[in-house]
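Chemist: Sharing final-v9.cif, mmCIF, C-alpha atoms:
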```
data_structure
#
loop_
_atom_site.label_atom_id
_atom_site.label_comp_id
_atom_site.auth_asym_id
_atom_site.auth_seq_id
_atom_site.Cartn_x
_atom_site.Cartn_y
_atom_site.Cartn_z
CA MET A 382 28.14 -2.24 -5.38
CA ILE A 383 28.56 1.34 -4.23
CA ASN A 384 27.12 1.57 -0.75
CA LYS A 385 24.79 4.56 -0.27
CA LYS A 386 23.63 3.68 3.21
CA VAL A 387 23.90 6.24 5.97
CA GLN A 388 23.06 5.46 9.58
CA ASN A 389 20.39 8.03 10.25
CA VAL A 390 18.55 11.12 9.12
CA GLU A 391 21.12 13.45 10.72
CA GLN A 392 23.86 12.00 8.53
CA ALA A 393 21.61 12.02 5.50
CA LEU A 394 20.92 15.74 5.80
CA HIS A 395 24.24 16.86 7.31
CA ASP A 396 25.12 19.22 4.45
CA ILE A 397 21.66 20.70 3.84
CA LYS A 398 22.20 24.39 4.50
CA ASP A 399 20.26 27.62 4.79
CA GLY A 400 19.18 29.10 1.47
CA MET A 401 19.19 25.85 -0.49
CA THR A 402 16.61 24.82 -3.09
CA ILE A 403 15.17 21.45 -2.17
CA MET A 404 12.78 19.13 -3.97
CA LEU A 405 10.53 17.12 -1.70
CA GLY A 406 8.46 14.19 -2.97
CA GLY A 407 4.87 13.42 -2.11
CA PHE A 408 1.35 14.31 -3.20
CA GLY A 409 -0.69 15.81 -0.41
CA LEU A 410 0.57 13.85 2.60
CA CYS A 411 0.97 10.67 0.56
CA GLY A 412 4.58 9.57 0.17
CA ILE A 413 6.18 12.57 1.86
CA PRO A 414 9.66 12.17 3.40
CA GLU A 415 8.37 12.48 6.96
CA ASN A 416 11.64 11.78 8.75
CA CYS A 417 13.63 14.28 6.69
CA ILE A 418 11.02 16.99 7.19
CA THR A 419 11.16 16.45 10.96
CA GLU A 420 14.96 16.65 10.84
CA LEU A 421 14.86 19.91 8.85
CA VAL A 422 12.55 21.32 11.54
CA ASN A 423 14.95 20.13 14.27
CA LYS A 424 18.03 21.45 12.44
CA GLY A 425 16.33 24.80 11.95
CA THR A 426 17.54 25.09 8.35
CA THR A 427 16.06 28.30 7.02
CA ASP A 428 15.52 30.43 3.89
CA LEU A 429 14.63 27.28 1.98
CA THR A 430 13.12 27.21 -1.47
CA CYS A 431 10.95 24.10 -1.56
CA ILE A 432 9.75 22.43 -4.75
CA SER A 433 6.88 20.21 -3.72
CA ASN A 434 3.49 19.64 -5.29
CA ASN A 435 1.73 20.63 -2.07
CA ALA A 436 2.65 22.45 1.12
CA GLY A 437 1.38 19.97 3.70
CA VAL A 438 -1.32 20.76 6.23
CA ASP A 439 -1.05 23.07 9.22
CA ASP A 440 0.49 20.54 11.60
CA PHE A 441 2.05 17.94 9.30
CA GLY A 442 4.34 17.67 6.31
CA LEU A 443 5.79 20.91 4.98
CA GLY A 444 3.30 22.75 7.18
CA LEU A 445 5.75 22.08 10.03
CA LEU A 446 8.51 24.00 8.22
CA LEU A 447 6.11 26.78 7.25
CA HIS A 448 5.01 27.13 10.84
CA LYS A 449 8.63 27.77 11.90
CA ARG A 450 9.11 30.20 8.96
CA GLN A 451 11.90 28.07 7.52
CA ILE A 452 10.58 28.33 3.98
CA LYS A 453 11.30 31.46 1.94
CA LYS A 454 9.71 30.30 -1.27
CA MET A 455 7.31 27.51 -2.21
CA ILE A 456 7.04 26.11 -5.74
CA SER A 457 3.86 24.04 -5.87
CA SER A 458 0.77 23.31 -7.93
CA TYR A 459 -1.83 23.23 -5.16
CA VAL A 460 -1.58 24.80 -1.75
CA GLY A 461 -5.10 24.59 -0.31
CA GLU A 462 -5.78 22.90 3.04
CA ASN A 463 -3.18 24.99 4.84
CA ALA A 464 -4.32 28.11 6.72
CA GLU A 465 -0.83 29.17 7.85
CA PHE A 466 0.38 28.93 4.27
CA GLU A 467 -2.46 31.15 3.08
CA ARG A 468 -1.75 33.70 5.82
CA GLN A 469 1.99 33.89 4.99
CA MET A 470 1.27 34.11 1.27
CA LEU A 471 -1.35 36.85 1.53
CA SER A 472 0.82 38.85 3.94
CA GLY A 473 3.78 38.57 1.55
CA GLU A 474 6.02 36.73 4.05
CA LEU A 475 6.18 33.73 1.76
CA GLU A 476 7.03 33.82 -1.92
CA VAL A 477 4.90 31.42 -3.95
CA GLU A 478 5.33 30.14 -7.49
CA LEU A 479 2.30 28.19 -8.66
CA THR A 480 3.00 25.78 -11.49
CA PRO A 481 0.63 23.38 -13.26
CA GLN A 482 1.03 19.92 -11.77
CA GLY A 483 2.06 18.18 -14.98
CA THR A 484 4.55 20.95 -15.73
CA LEU A 485 5.97 20.66 -12.22
CA ALA A 486 6.38 16.91 -12.68
CA GLU A 487 8.00 17.35 -16.09
CA LYS A 488 10.36 20.09 -14.83
CA CYS A 489 11.58 17.50 -12.31
CA ARG A 490 11.73 14.71 -14.86
CA ALA A 491 13.60 16.96 -17.31
CA ALA A 492 16.19 17.70 -14.63
CA GLN A 493 16.43 13.97 -13.91
CA ALA A 494 16.82 13.23 -17.62
CA GLY A 495 19.33 15.98 -18.45
CA ILE A 496 16.93 17.95 -20.62
CA PRO A 497 17.22 21.73 -20.07
CA ALA A 498 13.75 22.72 -21.30
CA PHE A 499 10.61 21.47 -23.01
CA TYR A 500 7.35 22.75 -24.51
CA THR A 501 3.93 22.09 -23.04
CA PRO A 502 0.44 23.36 -23.90
CA ALA A 503 -0.42 23.63 -20.18
CA GLY A 504 -0.92 27.23 -19.13
CA TYR A 505 -0.87 28.75 -22.60
CA GLY A 506 -3.08 31.87 -22.61
CA THR A 507 -3.02 32.10 -18.80
CA GLU A 508 -0.86 34.04 -16.34
CA VAL A 509 1.43 31.00 -16.10
CA ALA A 510 2.61 31.80 -19.65
CA GLU A 511 3.64 35.37 -18.84
CA GLY A 512 7.28 36.02 -19.77
CA LYS A 513 7.71 32.58 -21.33
CA GLU A 514 8.49 31.73 -24.94
CA ALA A 515 5.38 30.57 -26.81
CA ARG A 516 5.63 28.44 -29.92
CA GLU A 517 3.27 26.59 -32.21
CA PHE A 518 3.69 22.86 -32.83
CA ASN A 519 1.22 20.88 -34.93
CA GLY A 520 -1.21 23.78 -34.98
CA LYS A 521 -1.32 24.14 -31.21
CA MET A 522 0.33 26.72 -28.97
CA HIS A 523 2.85 25.64 -26.34
CA ILE A 524 5.02 27.43 -23.81
CA MET A 525 8.62 26.68 -22.98
CA GLU A 526 9.36 25.50 -19.47
CA GLU A 527 12.83 24.93 -18.04
CA ALA A 528 14.08 22.04 -15.92
CA TYR A 529 14.44 22.76 -12.22
CA LYS A 530 17.88 23.34 -10.76
CA ALA A 531 17.88 22.14 -7.17
CA ASP A 532 20.58 21.53 -4.57
CA ALA A 533 18.94 18.43 -3.16
CA ALA A 534 16.05 16.09 -3.82
CA ILE A 535 14.55 14.41 -0.78
CA VAL A 536 12.37 11.43 -1.64
CA LYS A 537 10.56 8.68 0.18
CA ALA A 538 10.18 5.11 -1.02
CA TRP A 539 8.63 1.94 0.37
CA LYS A 540 11.68 -0.30 0.03
CA GLY A 541 15.23 0.38 -0.86
CA ASP A 542 18.60 -1.35 -0.75
CA GLU A 543 22.09 -0.19 0.14
CA ALA A 544 22.83 0.46 -3.54
CA GLY A 545 20.08 3.10 -3.52
CA ASN A 546 17.60 1.14 -5.63
CA LEU A 547 14.04 2.16 -4.82
CA ILE A 548 10.60 0.58 -4.96
CA PHE A 549 7.48 2.63 -4.28
CA LYS A 550 4.05 1.54 -3.14
CA GLY A 551 0.68 2.66 -4.49
CA THR A 552 0.18 6.32 -5.28
CA ALA A 553 3.13 7.22 -3.02
CA ARG A 554 5.31 6.98 -6.12
CA ASN A 555 3.97 10.35 -7.39
CA PHE A 556 6.72 13.00 -7.46
CA ASN A 557 9.24 10.83 -5.59
CA ALA A 558 10.09 8.93 -8.75
CA CYS A 559 10.39 12.14 -10.81
CA MET A 560 12.61 13.92 -8.28
CA ALA A 561 15.10 11.11 -7.63
CA GLY A 562 18.26 12.18 -9.45
CA ALA A 563 16.81 15.56 -10.44
CA ALA A 564 19.05 17.58 -8.08
CA LYS A 565 22.77 17.80 -7.24
CA ILE A 566 22.26 15.13 -4.59
CA THR A 567 19.35 12.83 -3.86
CA ILE A 568 18.54 11.58 -0.40
CA ALA A 569 16.10 8.72 -0.06
CA GLU A 570 14.33 7.63 3.10
CA VAL A 571 12.64 4.25 3.00
CA GLU A 572 10.28 2.30 5.20
CA GLU A 573 12.42 -0.78 4.82
CA LEU A 574 16.11 -0.79 3.93
CA VAL A 575 17.25 -4.23 2.79
CA PRO A 576 20.69 -5.67 1.94
CA VAL A 577 21.72 -5.69 -1.72
CA GLY A 578 20.61 -8.76 -3.58
CA THR A 579 17.28 -8.86 -1.77
CA LEU A 580 15.31 -6.80 -4.27
CA ASP A 581 14.50 -8.28 -7.68
CA PRO A 582 16.20 -6.08 -10.32
CA ASN A 583 13.08 -6.50 -12.48
CA GLN A 584 10.99 -4.74 -9.86
CA ILE A 585 13.17 -1.66 -9.25
CA HIS A 586 11.36 1.64 -9.98
CA ILE A 587 14.36 3.95 -9.56
CA PRO A 588 17.90 2.67 -10.16
CA GLY A 589 20.43 3.40 -7.42
CA ILE A 590 22.54 5.65 -9.66
CA PHE A 591 20.00 8.41 -9.01
CA VAL A 592 20.38 8.17 -5.22
CA GLN A 593 23.43 9.30 -3.22
CA ARG A 594 22.26 8.56 0.34
CA ILE A 595 19.68 6.16 1.70
CA PHE A 596 18.46 5.37 5.20
CA GLN A 597 15.57 3.66 6.90
CA GLY A 598 13.15 6.13 8.45
CA GLU A 599 12.65 5.71 12.16
CA LYS A 600 8.93 6.34 12.22
CA TYR A 601 6.13 6.70 9.69
CA GLU A 602 2.85 8.24 10.75
CA LYS A 603 1.45 8.17 7.18
CA ARG A 604 -1.34 10.50 8.00
CA ILE A 605 -4.46 10.34 5.79
CA GLU A 606 -5.72 13.73 4.62
CA GLN A 607 -9.23 12.72 3.51
CA ARG A 608 -10.23 9.43 5.07
CA THR A 609 -13.13 8.35 2.86
CA VAL A 610 -14.88 5.02 3.32
CA ARG A 611 -18.04 3.30 2.15
CA GLN A 612 -20.53 1.47 4.30
CA ARG A 613 -20.65 -2.31 4.34
CA SER A 614 -24.07 -3.23 3.03
CA MET B 616 -36.77 22.14 -10.93
CA ALA B 617 -33.08 22.87 -10.99
CA LEU B 618 -30.95 19.76 -10.60
CA GLY B 619 -29.05 18.83 -7.44
CA LYS B 620 -25.39 17.86 -7.54
CA GLU B 621 -26.16 14.13 -7.68
CA GLN B 622 -28.49 14.69 -10.64
CA ILE B 623 -25.87 16.72 -12.50
CA ALA B 624 -23.47 13.82 -11.93
CA LYS B 625 -26.12 11.36 -13.18
CA ARG B 626 -26.60 13.35 -16.37
CA ILE B 627 -22.87 13.62 -17.02
CA ALA B 628 -22.49 9.87 -16.44
CA LYS B 629 -24.48 9.36 -19.68
CA GLU B 630 -21.56 10.96 -21.57
CA VAL B 631 -19.21 8.22 -20.41
CA LYS B 632 -18.93 5.64 -23.18
CA ASP B 633 -17.69 2.07 -23.40
CA GLY B 634 -13.90 1.87 -23.59
CA TYR B 635 -13.26 5.33 -22.17
CA PHE B 636 -10.42 6.31 -19.89
CA VAL B 637 -11.85 9.10 -17.75
CA ASN B 638 -10.30 11.68 -15.43
CA LEU B 639 -12.64 13.06 -12.79
CA GLY B 640 -12.00 16.34 -11.00
CA ILE B 641 -12.87 17.16 -7.40
CA GLY B 642 -16.48 17.84 -6.34
CA ILE B 643 -19.45 16.96 -8.58
CA PRO B 644 -17.17 15.17 -11.12
CA THR B 645 -16.11 12.65 -8.45
CA LEU B 646 -19.78 11.69 -8.04
CA VAL B 647 -20.03 10.75 -11.74
CA ALA B 648 -18.27 7.43 -11.05
CA ASN B 649 -21.29 6.33 -8.99
CA TYR B 650 -23.65 6.57 -11.96
CA VAL B 651 -21.73 5.11 -14.88
CA ARG B 652 -23.57 2.16 -16.45
CA HIS B 653 -22.40 -1.20 -15.19
CA ASP B 654 -22.57 -2.90 -18.59
CA ILE B 655 -19.74 -0.83 -20.10
CA SER B 656 -15.99 -0.94 -19.52
CA VAL B 657 -14.55 2.30 -18.20
CA GLU B 658 -11.29 3.03 -16.36
CA PHE B 659 -10.89 6.01 -14.08
CA GLN B 660 -7.55 7.80 -14.03
CA SER B 661 -6.45 9.98 -11.16
CA GLU B 662 -3.60 12.33 -12.00
CA ASN B 663 -1.63 11.62 -8.84
CA GLY B 664 -0.79 8.29 -10.45
CA VAL B 665 -3.42 5.57 -10.67
CA LEU B 666 -5.45 4.03 -13.44
CA GLY B 667 -8.28 1.64 -12.62
CA MET B 668 -9.64 3.34 -9.53
CA GLY B 669 -12.34 1.51 -7.64
CA PRO B 670 -14.80 2.58 -4.94
CA PHE B 671 -13.84 4.00 -1.56
CA PRO B 672 -12.51 1.34 0.83
CA PHE B 673 -14.53 -0.23 3.61
CA GLU B 674 -13.81 1.18 7.03
CA GLY B 675 -10.62 -0.34 8.42
CA GLU B 676 -9.27 -1.09 4.94
CA GLU B 677 -7.99 2.41 4.14
CA ASP B 678 -4.39 2.58 2.90
CA ALA B 679 -2.55 5.90 3.30
CA ASP B 680 -0.51 5.00 0.21
CA VAL B 681 -3.55 4.63 -2.06
CA ILE B 682 -5.39 7.90 -2.63
CA ASN B 683 -6.99 9.87 -5.46
CA ALA B 684 -6.25 13.43 -6.61
CA GLY B 685 -8.70 14.73 -4.00
CA LYS B 686 -6.49 13.03 -1.36
CA GLN B 687 -9.34 10.63 -0.55
CA THR B 688 -8.60 7.02 0.28
CA ILE B 689 -9.56 4.73 -2.63
CA THR B 690 -9.32 1.14 -3.79
CA THR B 691 -8.16 -0.27 -7.10
CA LEU B 692 -9.88 -2.69 -9.44
CA PRO B 693 -8.33 -5.73 -11.16
CA GLY B 694 -6.11 -4.46 -13.97
CA ALA B 695 -5.22 -1.25 -12.14
CA SER B 696 -1.77 0.33 -12.28
CA PHE B 697 0.24 2.90 -10.36
CA PHE B 698 2.73 5.30 -11.91
CA ASP B 699 4.66 8.48 -11.20
CA SER B 700 3.35 12.01 -11.78
CA ALA B 701 5.37 12.64 -14.95
CA THR B 702 3.98 9.45 -16.53
CA SER B 703 0.50 10.41 -15.38
CA PHE B 704 0.61 13.80 -17.07
CA GLY B 705 2.32 12.20 -20.05
CA MET B 706 -0.81 10.13 -20.67
CA ILE B 707 -2.91 13.26 -20.20
CA ARG B 708 -0.87 15.44 -22.60
CA ALA B 709 -0.62 12.63 -25.14
CA GLN B 710 -4.44 12.41 -25.10
CA LYS B 711 -4.66 8.82 -23.96
CA VAL B 712 -7.39 9.94 -21.56
CA ASP B 713 -10.67 10.12 -23.49
CA LEU B 714 -12.77 12.31 -21.24
CA THR B 715 -12.02 14.91 -18.60
CA ILE B 716 -14.77 16.08 -16.28
CA LEU B 717 -14.02 19.02 -14.03
CA GLY B 718 -15.62 21.87 -12.13
CA ALA B 719 -15.40 25.58 -12.94
CA MET B 720 -16.06 28.97 -11.43
CA GLU B 721 -16.63 30.55 -14.86
CA VAL B 722 -16.85 29.41 -18.46
CA SER B 723 -17.02 31.76 -21.44
CA GLU B 724 -18.88 31.38 -24.73
CA ASN B 725 -15.63 30.62 -26.58
CA GLY B 726 -14.78 27.76 -24.21
CA ASP B 727 -12.36 29.50 -21.84
CA ILE B 728 -12.46 28.21 -18.28
CA ALA B 729 -11.51 29.79 -14.93
CA ASN B 730 -11.34 27.62 -11.83
CA TRP B 731 -8.17 28.20 -9.85
CA LYS B 732 -7.91 31.68 -8.43
CA ILE B 733 -9.96 34.59 -7.14
CA PRO B 734 -7.46 37.48 -6.92
CA GLY B 735 -7.09 38.78 -3.36
CA LYS B 736 -9.45 36.16 -1.95
CA MET B 737 -8.58 32.61 -2.82
CA VAL B 738 -5.40 31.20 -4.29
CA LYS B 739 -5.26 27.47 -3.86
CA GLY B 740 -3.46 26.77 -7.10
CA MET B 741 -4.33 25.08 -10.35
CA GLY B 742 -3.22 21.58 -9.44
CA GLY B 743 -3.52 19.50 -12.59
CA ALA B 744 -6.37 21.49 -14.11
CA MET B 745 -4.23 23.54 -16.53
CA ASP B 746 -2.54 20.43 -17.90
CA LEU B 747 -5.86 18.63 -18.24
CA VAL B 748 -7.72 21.40 -20.05
CA ALA B 749 -4.79 22.25 -22.34
CA SER B 750 -4.51 18.70 -23.60
CA ALA B 751 -7.84 16.93 -23.40
CA GLU B 752 -9.91 16.69 -26.57
CA ASN B 753 -13.12 16.06 -24.70
CA ILE B 754 -13.79 18.27 -21.69
CA ILE B 755 -17.09 18.43 -19.85
CA VAL B 756 -17.55 21.02 -17.15
CA ALA B 757 -19.87 20.36 -14.22
CA MET B 758 -20.84 23.66 -12.63
CA MET B 759 -23.57 25.85 -11.21
CA HIS B 760 -25.20 28.08 -13.83
CA VAL B 761 -25.39 31.06 -11.47
CA ASN B 762 -23.50 32.09 -8.34
CA LYS B 763 -25.01 32.63 -4.89
CA ALA B 764 -25.89 36.21 -5.83
CA GLY B 765 -27.82 34.89 -8.83
CA GLU B 766 -25.27 36.13 -11.38
CA SER B 767 -24.46 34.05 -14.43
CA LYS B 768 -21.26 32.00 -14.50
CA LEU B 769 -21.66 31.29 -18.22
CA LEU B 770 -20.18 34.49 -19.57
CA LYS B 771 -19.15 36.33 -22.71
CA ARG B 772 -15.64 36.58 -21.27
CA CYS B 773 -14.32 35.12 -18.02
CA SER B 774 -13.57 37.75 -15.37
CA LEU B 775 -11.28 35.51 -13.28
CA PRO B 776 -7.74 34.40 -14.18
CA LEU B 777 -7.99 31.68 -16.82
CA THR B 778 -7.15 28.03 -16.44
CA GLY B 779 -7.29 27.37 -20.18
CA VAL B 780 -8.42 28.96 -23.42
CA GLY B 781 -11.00 27.69 -25.91
CA CYS B 782 -11.00 24.20 -24.48
CA VAL B 783 -14.41 23.42 -22.96
CA LYS B 784 -16.68 21.34 -25.20
CA LYS B 785 -19.75 20.81 -23.04
CA VAL B 786 -21.23 22.26 -19.86
CA VAL B 787 -23.76 20.58 -17.58
CA THR B 788 -25.37 22.79 -14.95
CA GLU B 789 -28.34 22.59 -12.59
CA LEU B 790 -30.42 24.12 -15.41
CA ALA B 791 -29.13 22.81 -18.72
CA VAL B 792 -26.78 20.86 -20.96
CA LEU B 793 -24.94 23.17 -23.35
CA GLU B 794 -22.43 22.58 -26.11
CA ILE B 795 -19.79 25.18 -26.93
CA VAL B 796 -19.88 25.98 -30.65
CA PRO B 797 -18.11 28.82 -32.49
CA GLU B 798 -21.11 31.15 -31.92
CA GLY B 799 -21.50 30.49 -28.20
CA PHE B 800 -23.43 28.24 -25.81
CA LYS B 801 -25.76 25.98 -27.81
CA LEU B 802 -28.62 24.80 -25.62
CA LEU B 803 -29.04 21.02 -25.94
CA GLU B 804 -31.27 20.04 -23.03
CA ARG B 805 -33.03 21.70 -20.11
CA ALA B 806 -33.50 20.34 -16.61
CA PRO B 807 -36.99 18.94 -15.95
CA GLY B 808 -39.41 21.82 -15.34
CA VAL B 809 -36.87 24.50 -16.28
CA THR B 810 -37.95 26.73 -19.18
CA VAL B 811 -35.85 28.08 -22.02
CA GLU B 812 -36.64 31.52 -20.62
CA ASP B 813 -35.14 30.54 -17.22
CA ILE B 814 -31.95 29.44 -18.97
CA LYS B 815 -31.81 32.64 -21.08
CA ASN B 816 -32.07 34.71 -17.91
CA ALA B 817 -29.27 32.75 -16.25
CA THR B 818 -26.85 32.92 -19.20
CA GLU B 819 -24.81 36.05 -19.87
CA GLY B 820 -22.90 34.58 -22.82
CA ASN B 821 -24.49 34.15 -26.23
CA LEU B 822 -27.13 31.42 -25.98
CA ILE B 823 -28.10 29.59 -29.14
CA ILE B 824 -31.56 28.06 -29.20
CA GLU B 825 -32.53 25.97 -32.19
CA GLY B 826 -35.97 24.34 -32.35
CA ASP B 827 -37.58 22.61 -29.41
CA ILE B 828 -35.24 21.98 -26.51
CA PRO B 829 -35.89 18.59 -24.93
CA GLU B 830 -35.92 17.93 -21.20
CA MET B 831 -33.01 15.93 -19.80
CA ILE B 832 -33.77 12.33 -19.06
CA ILE B 833 -32.36 11.44 -15.67
CA ASP B 834 -33.23 8.00 -14.36
#
```
For the file at hand, write its structure as structure tokens.

Modeler:
Amino acid sequence: MINKKVQNVEQALHDIKDGMTIMLGGFGLCGIPENCITELVNKGTTDLTCISNNAGVDDFGLGLLLHKRQIKKMISSYVGENAEFERQMLSGELEVELTPQGTLAEKCRAAQAGIPAFYTPAGYGTEVAEGKEAREFNGKMHIMEEAYKADAAIVKAWKGDEAGNLIFKGTARNFNACMAGAAKITIAEVEELVPVGTLDPNQIHIPGIFVQRIFQGEKYEKRIEQRTVRQRS
Amino acid sequence: MALGKEQIAKRIAKEVKDGYFVNLGIGIPTLVANYVRHDISVEFQSENGVLGMGPFPFEGEEDADVINAGKQTITTLPGASFFDSATSFGMIRAQKVDLTILGAMEVSENGDIANWKIPGKMVKGMGGAMDLVASAENIIVAMMHVNKAGESKLLKRCSLPLTGVGCVKKVVTELAVLEIVPEGFKLLERAPGVTVEDIKNATEGNLIIEGDIPEMIID
């Protein structure tokens, strides 16, 4: 077993530097690497290009990094629910690349799988297709999209072991599972870090080979963006 | 009488058939789940990575790790599954999802749809909409026929940046049910009390009227 465990978030992110391109897992605020985001805020790492489906909300998630102007460019599919983001984008302070969600996921997966590019019908005939190769397959038009090239992928899982094996819970799997192994290094924070041999190999979602560093997050707020309930009748 | 949002959702629910996997967008489409017949088997897919979505949780039972694409807390039904985003859009692109219901700001008579950007005013992003409309065989749009200024949103050509081209099959509005055919918007049904003339006046794109147009039945 190759031990991937690091003691804390500071060690996990010690070589994350200004100007890097970083993938961050999560959908909305669900499954975001909360502890790593807090550490990036504390470290003051700046000029970041962040690949993340969303940009957090004003006071949580990637919104914290936006607030401190640590992000130079955001690559996302949906960036609503964040007033500071909108302000920085409209004023030109923040560069934004909007990508269809399935394309964003596949650009991560392609990087994870060693595939340089792929064709998708998503975005054909729209401004997303501008400057991209278009090609017909089976009578339908597709555009070519390239795999992301990122310096680091920062993901969050429910459980993990010292070998870097990951198990996700619920819809928190989202982009975390696509980003693990899709960058030069992958850092995983988990709610519960267990010794090797504890997790059933049949139940592993992401094999440890995709993860270089793993640690147990100190604190998880797990904020809910749209708390929606029904009445008991 | 023009329909309310709940009534539009009720009408669209009639399009959901036994054995369908259905993806519901944010807004009126989400309401459709409330009106699907109970005697048929349907599974709802949410593109953030769940199949077999159930109703919203009871208060106190919300789980931050179980949400839908609108970021709302949800529950799952027996037989449900969770998966990653690439797998989720894989099932969408590979047309495993039978019906996609989503909202729109504009639809054109050739089936183009615009729903993600108003240049200079609103840029929230397309989310999964471009993937959904590019791949789905069966797309129903739930939308208002006219905007707040009374101008038609069913156009000859969309004025806003497109989400997809030639993809919309059916449109349900507060006034009518329309099918997109090669010649334009074919009027299928009108809302109770709404006249064909009302619908003509509210539709900028080519409207095709053949024979008597029945009133929608909404129970």

Chemist: For the structure provided, state which residues fall under the PyMOL selection byres ((chain A) within 8 of (chain B)), and present them as a PyMOL selection string.

Modeler: chain A and resi 408-409+411-412+457-461+467+471+479-484+486-487+490+502-508+550-559+603-613

Chemist: Evaluated on this file, the PyMOL selection byres ((chain A and resi 596) around 9) picks out some residues - which ones are they, written as a JSON list (two decimals) with C-alpha atoms, in the coordinates of the input?

Modeler:
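Saved as selection-v5.json:
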```json
[["chain", "number", "residue", "atom", "x", "y", "z"],
["A", 385, "LYS", "CA", 24.79, 4.56, -0.27],
["A", 386, "LYS", "CA", 23.63, 3.68, 3.21],
["A", 387, "VAL", "CA", 23.90, 6.24, 5.97],
["A", 388, "GLN", "CA", 23.06, 5.46, 9.58],
["A", 389, "ASN", "CA", 20.39, 8.03, 10.25],
["A", 390, "VAL", "CA", 18.55, 11.12, 9.12],
["A", 393, "ALA", "CA", 21.61, 12.02, 5.50],
["A", 541, "GLY", "CA", 15.23, 0.38, -0.86],
["A", 542, "ASP", "CA", 18.60, -1.35, -0.75],
["A", 543, "GLU", "CA", 22.09, -0.19, 0.14],
["A", 568, "ILE", "CA", 18.54, 11.58, -0.40],
["A", 569, "ALA", "CA", 16.10, 8.72, -0.06],
["A", 570, "GLU", "CA", 14.33, 7.63, 3.10],
["A", 571, "VAL", "CA", 12.64, 4.25, 3.00],
["A", 572, "GLU", "CA", 10.28, 2.30, 5.20],
["A", 573, "GLU", "CA", 12.42, -0.78, 4.82],
["A", 574, "LEU", "CA", 16.11, -0.79, 3.93],
["A", 594, "ARG", "CA", 22.26, 8.56, 0.34],
["A", 595, "ILE", "CA", 19.68, 6.16, 1.70],
["A", 597, "GLN", "CA", 15.57, 3.66, 6.90],
["A", 598, "GLY", "CA", 13.15, 6.13, 8.45]]
```

Chemist: Could you tell me how far atom CA of Leu714 of chain B sits from atom CA of Glu752 of chain B, in Å to one decimal place?

Modeler: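 Going from atom CA of Glu752 of chain B over to atom CA of Leu714 of chain B covers 7.5 Å.
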
Chemist: Show me the residues close to (-38.9, 26.1, -25.2) - anything with an atom within 9 Å, counting all atoms listed in the file - and format the list as a compact mmCIF listing (two decimals) with C-alpha atoms, in the frame of the given file.

Modeler:
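Okay, this is what ended up in out.txt:
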```txt
# COMPACT_ATOMS: atom_id res chain seq x y z
CA ARG B 805 -33.03 21.70 -20.11
CA THR B 810 -37.95 26.73 -19.18
CA VAL B 811 -35.85 28.08 -22.02
CA GLU B 812 -36.64 31.52 -20.62
CA ILE B 824 -31.56 28.06 -29.20
CA GLY B 826 -35.97 24.34 -32.35
CA ASP B 827 -37.58 22.61 -29.41
CA ILE B 828 -35.24 21.98 -26.51
CA PRO B 829 -35.89 18.59 -24.93
```

Chemist: Quick one: residues within 12 Å of Val787 of chain B, all atoms listed in the file counted, chain neighbours fewer than 6 positions away excluded, as a PyMOL selection string?

Modeler: chain B and resi 617-620+622-630+643-644+716-719+722+754-760+769+793-795+800-806+831

Chemist: Suppose you want the space between atom CA of Phe441 of chain A and atom CA of Leu421 of chain A; what is it in Å?

Modeler: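 Atom-to-atom, atom CA of Phe441 of chain A to atom CA of Leu421 of chain A, that is 13.0 Å.
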
Chemist: Which neighbours of Ala695 of chain B fall inside 7 Å, counting only C-alpha atoms, when residues of the same chain fewer than 5 positions from it are skipped, and could you give them as a tab-separated table (two decimals) with C-alpha atoms, keeping the file's coordinate frame?

Modeler:
```
chain	number	residue	atom	x	y	z
B	666	LEU	CA	-5.45	4.03	-13.44
B	667	GLY	CA	-8.28	1.64	-12.62
B	668	MET	CA	-9.64	3.34	-9.53
```

Chemist: From the set A:Gln584, A:Thr402, A:Thr419, A:Ser614, which residue has the shortest atom-to-atom contact distance to Glu602 of chain A, counting only C-alpha atoms?

Modeler: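 Of all the options, A:Thr419 lies closest to Glu602 of chain A.
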
Chemist: Here's the selection I'm unsure about, the PyMOL selection byres ((chain A and resi 525) around 12); applied to the file above, which residues does it give, as a ChimeraX atom specification?

Modeler: /A:484,487-488,497-505,509-518,522-524,526-528

Chemist: So what do you get for atom CA of Gly765 of chain B versus atom CA of Asn821 of chain B, distance-wise?

Modeler: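 Spanning atom CA of Gly765 of chain B to atom CA of Asn821 of chain B is a straight-line distance of 17.7 Å.
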
Chemist: Closest to Lys600 of chain A among A:Glu415, A:Glu478, A:Asp440, A:Glu420, using only C-alpha atoms?

Modeler: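 So, comparing all the options, the nearest one is A:Glu415.
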
Chemist: Using only C-alpha atoms, determine which residues lie at most 7 Å from Lys454 of chain A, disregarding the query and same-chain residues fewer than 6 positions distant; provide the list as a list in words.

Modeler: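 Those residues are Leu429, Thr430, Cys431, Leu475, Glu476 and Val477 of chain A.
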
Chemist: Generate the output file for the selected residues, C-alpha atoms, as a CSV table (one decimal), in the frame of the given file.

Modeler:
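Dumped everything to part-v4.csv:
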```csv
chain,number,residue,atom,x,y,z
A,429,LEU,CA,14.6,27.3,2.0
A,430,THR,CA,13.1,27.2,-1.5
A,431,CYS,CA,11.0,24.1,-1.6
A,475,LEU,CA,6.2,33.7,1.8
A,476,GLU,CA,7.0,33.8,-1.9
A,477,VAL,CA,4.9,31.4,-4.0
```

Chemist: First collect every listed atom of segment 526-535 of chain A; then fit an axis-aligned box around them, widen it by 5 Å on each side, and give centre and edge lengths in Å to one decimal, as AutoDock Vina command-line options.

Modeler:
```
--center_x 15.0 --center_y 20.0 --center_z -10.1 --size_x 21.2 --size_y 21.1 --size_z 28.7
```
